[in-house]
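One structure is given here, and the rest of the page talks about it.
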Amino acid sequence: MPTYVTLANFTDQGIHTIRDLPQRIENGKKAAQATGASIMYYLTYGLYDLVLITEAPDDDVMATLLLTVASGGNFKTITLKAFGERDIKKIVQRMPGV
């Protein structure tokens with residue numbers, strides 16, 4: 001299943017309602033499970049407030065989850081599609097001249 005790394009920052013609204021974060025996480029996990037995806041959340045300090053690791057069936061499901069999160073107005077996100085070690089090996093083997 002494809003893996004995605006999401007880097008998130010709280011909006012002003014997200015900070016003002018920070019006590020709701022545990023419930024938001026629970027709601028996000030339930031929404032993900034309903035689509036066949038799974039999410040792990042990490043509260044971080046530094047440039048980003050949260051890092052999410054998501055495994056989703058495909059890009060369409062991931063886009064739906066991201067739009068759902070964005071519609072709440074609590075986070076601004078940057079999402080990266082991640083490639084695991086097996087994927088890296090396949091990708092490199094497909095390179096011309098390798």
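Residue numbers start at 1 in each chain; chains themselves are named A, B, ... in the order of the structure tokens; ligands are numbered from 1 in the order shown.
Residues lying within 12 Å of Arg24 of chain A, counting only C-alpha atoms and ignoring same-chain neighbours fewer than 3 positions away, are Gly14, Thr17, Ile18, Arg19, Asp20, Leu21, Asn27, Gly28, Lys29, Lys30, Ala31, Tyr41, Thr68, Val69, Gly72, Gly73, Asn74 and Phe75 of chain A.
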Would you save the residues of that selection, restricted to N, CA and C atoms, as a compact mmCIF listing (two decimals), in the first residue's frame?
```txt
# COMPACT_ATOMS: atom_id res chain seq x y z
N GLY A 14 -6.53 26.09 14.90
CA GLY A 14 -6.06 24.84 15.47
C GLY A 14 -5.39 25.01 16.83
N THR A 17 -8.00 25.83 19.57
CA THR A 17 -8.81 24.67 19.94
C THR A 17 -7.94 23.43 20.17
N ILE A 18 -6.71 23.65 20.64
CA ILE A 18 -5.73 22.57 20.77
C ILE A 18 -6.22 21.44 21.69
N ARG A 19 -7.05 21.76 22.65
CA ARG A 19 -7.54 20.72 23.56
C ARG A 19 -8.42 19.69 22.83
N ASP A 20 -8.86 20.04 21.63
CA ASP A 20 -9.65 19.10 20.82
C ASP A 20 -8.77 18.17 19.99
N LEU A 21 -7.45 18.34 20.06
CA LEU A 21 -6.55 17.55 19.22
C LEU A 21 -6.73 16.04 19.41
N ASN A 27 -10.87 11.01 15.28
CA ASN A 27 -11.74 11.16 14.10
C ASN A 27 -10.98 10.88 12.81
N GLY A 28 -9.74 11.35 12.73
CA GLY A 28 -8.91 11.10 11.55
C GLY A 28 -8.64 9.63 11.36
N LYS A 29 -8.35 8.93 12.44
CA LYS A 29 -8.10 7.48 12.35
C LYS A 29 -9.35 6.74 11.89
N LYS A 30 -10.50 7.14 12.41
CA LYS A 30 -11.75 6.50 11.99
C LYS A 30 -12.04 6.77 10.52
N ALA A 31 -11.83 8.00 10.07
CA ALA A 31 -12.04 8.33 8.66
C ALA A 31 -11.11 7.53 7.77
N TYR A 41 0.07 9.36 14.01
CA TYR A 41 0.29 10.78 14.30
C TYR A 41 1.47 10.94 15.24
N THR A 68 -10.45 16.27 3.52
CA THR A 68 -11.27 16.19 4.73
C THR A 68 -10.58 16.91 5.89
N VAL A 69 -9.29 16.67 6.05
CA VAL A 69 -8.52 17.33 7.11
C VAL A 69 -8.49 18.84 6.87
N GLY A 72 -11.45 21.17 7.85
CA GLY A 72 -11.66 21.53 9.25
C GLY A 72 -11.02 22.85 9.63
N GLY A 73 -10.05 23.31 8.84
CA GLY A 73 -9.41 24.59 9.08
C GLY A 73 -8.42 24.62 10.23
N ASN A 74 -8.01 23.46 10.75
CA ASN A 74 -7.12 23.42 11.91
C ASN A 74 -5.66 23.20 11.56
N PHE A 75 -5.38 22.75 10.35
CA PHE A 75 -4.02 22.42 9.93
C PHE A 75 -3.74 22.96 8.53
```
- Mind checking which residues fall within 12 Å of Tyr45 of chain A, counting only C-alpha atoms, ignoring those fewer than 5 positions away in the same chain, and posting them as a count of residues only? 6
- Item | Contacts of Val5 of chain A at 8 Å (only C-alpha atoms; same-chain gap of 5+ positions) as an NGL selection string | :A and (51-54 or 79-82)
Store the residues picked out above in a file with C-alpha atoms, as a PDB file, in the first residue's frame.
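Output saved as again_25.pdb:
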```pdb
ATOM      1  CA  VAL A  51       3.991  14.490  11.288  1.00  0.00           C
ATOM      2  CA  LEU A  52       1.508  11.949   9.974  1.00  0.00           C
ATOM      3  CA  ILE A  53       2.456   8.663   8.344  1.00  0.00           C
ATOM      4  CA  THR A  54      -0.411   7.342   6.254  1.00  0.00           C
ATOM      5  CA  THR A  79       2.260  15.823   1.836  1.00  0.00           C
ATOM      6  CA  LEU A  80       4.984  13.691   0.322  1.00  0.00           C
ATOM      7  CA  LYS A  81       4.552  10.318  -1.317  1.00  0.00           C
ATOM      8  CA  ALA A  82       7.128   8.000   0.234  1.00  0.00           C
TER       9      ALA A  82
END
```
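Minimum atom-to-atom distances from A:Ile15, A:Ile78, A:Ile88, A:Ala37 to Asp59 of chain A were compared using only C-alpha atoms, and the lowest value belongs to A:Ala37.
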Let's see if you can do this: from backbone DSSP, list all strand (DSSP E) residues in chain A, as a short mmCIF file (atom, residue, chain, number, x, y, z; two decimals) with C-alpha atoms, in the first residue's frame.
```
data_model
loop_
_atom_site.label_atom_id
_atom_site.label_comp_id
_atom_site.auth_asym_id
_atom_site.auth_seq_id
_atom_site.Cartn_x
_atom_site.Cartn_y
_atom_site.Cartn_z
CA THR A 3 2.87 5.44 2.07
CA TYR A 4 2.56 9.19 2.53
CA VAL A 5 4.33 11.57 4.92
CA THR A 6 2.34 14.65 5.89
CA LEU A 7 3.99 17.62 7.58
CA ALA A 8 1.42 19.75 9.36
CA ASN A 9 1.28 23.07 11.15
CA PHE A 10 -1.58 24.28 13.30
CA SER A 38 -4.27 3.88 8.41
CA ILE A 39 -2.65 6.94 10.00
CA MET A 40 -0.01 7.33 12.70
CA TYR A 41 0.29 10.78 14.30
CA TYR A 42 3.40 12.30 15.88
CA LEU A 43 3.40 15.62 17.74
CA LEU A 50 2.71 17.24 13.54
CA VAL A 51 3.99 14.49 11.29
CA LEU A 52 1.51 11.95 9.97
CA ILE A 53 2.46 8.66 8.34
CA THR A 54 -0.41 7.34 6.25
CA GLU A 55 -0.81 4.12 4.32
CA PHE A 75 -4.02 22.42 9.93
CA LYS A 76 -1.98 23.47 6.92
CA THR A 77 -0.23 20.49 5.37
CA ILE A 78 2.48 19.44 2.97
CA THR A 79 2.26 15.82 1.84
CA LEU A 80 4.98 13.69 0.32
CA LYS A 81 4.55 10.32 -1.32
CA ALA A 82 7.13 8.00 0.23
#
```
- Query: Quick one: DSSP helix (DSSP H, G or I) residues in chain A, as a count of residues only?
  - Reply: 44
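Interatomic distance, atom CA of Arg86 of chain A to atom CA of Ala34 of chain A: 27.1 Å.
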- Here atom CA of Ala56 of chain A and atom CA of Gln33 of chain A stand apart by 9.3 Å
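A straight line drawn from atom CA of Ile91 of chain A to atom CA of Ala32 of chain A is 27.8 Å long.
Among the candidate residues A:Thr44, A:Gln23, A:Pro2, A:Phe83, the one lying nearest to Met62 of chain A is A:Pro2, with distances computed using only C-alpha atoms.
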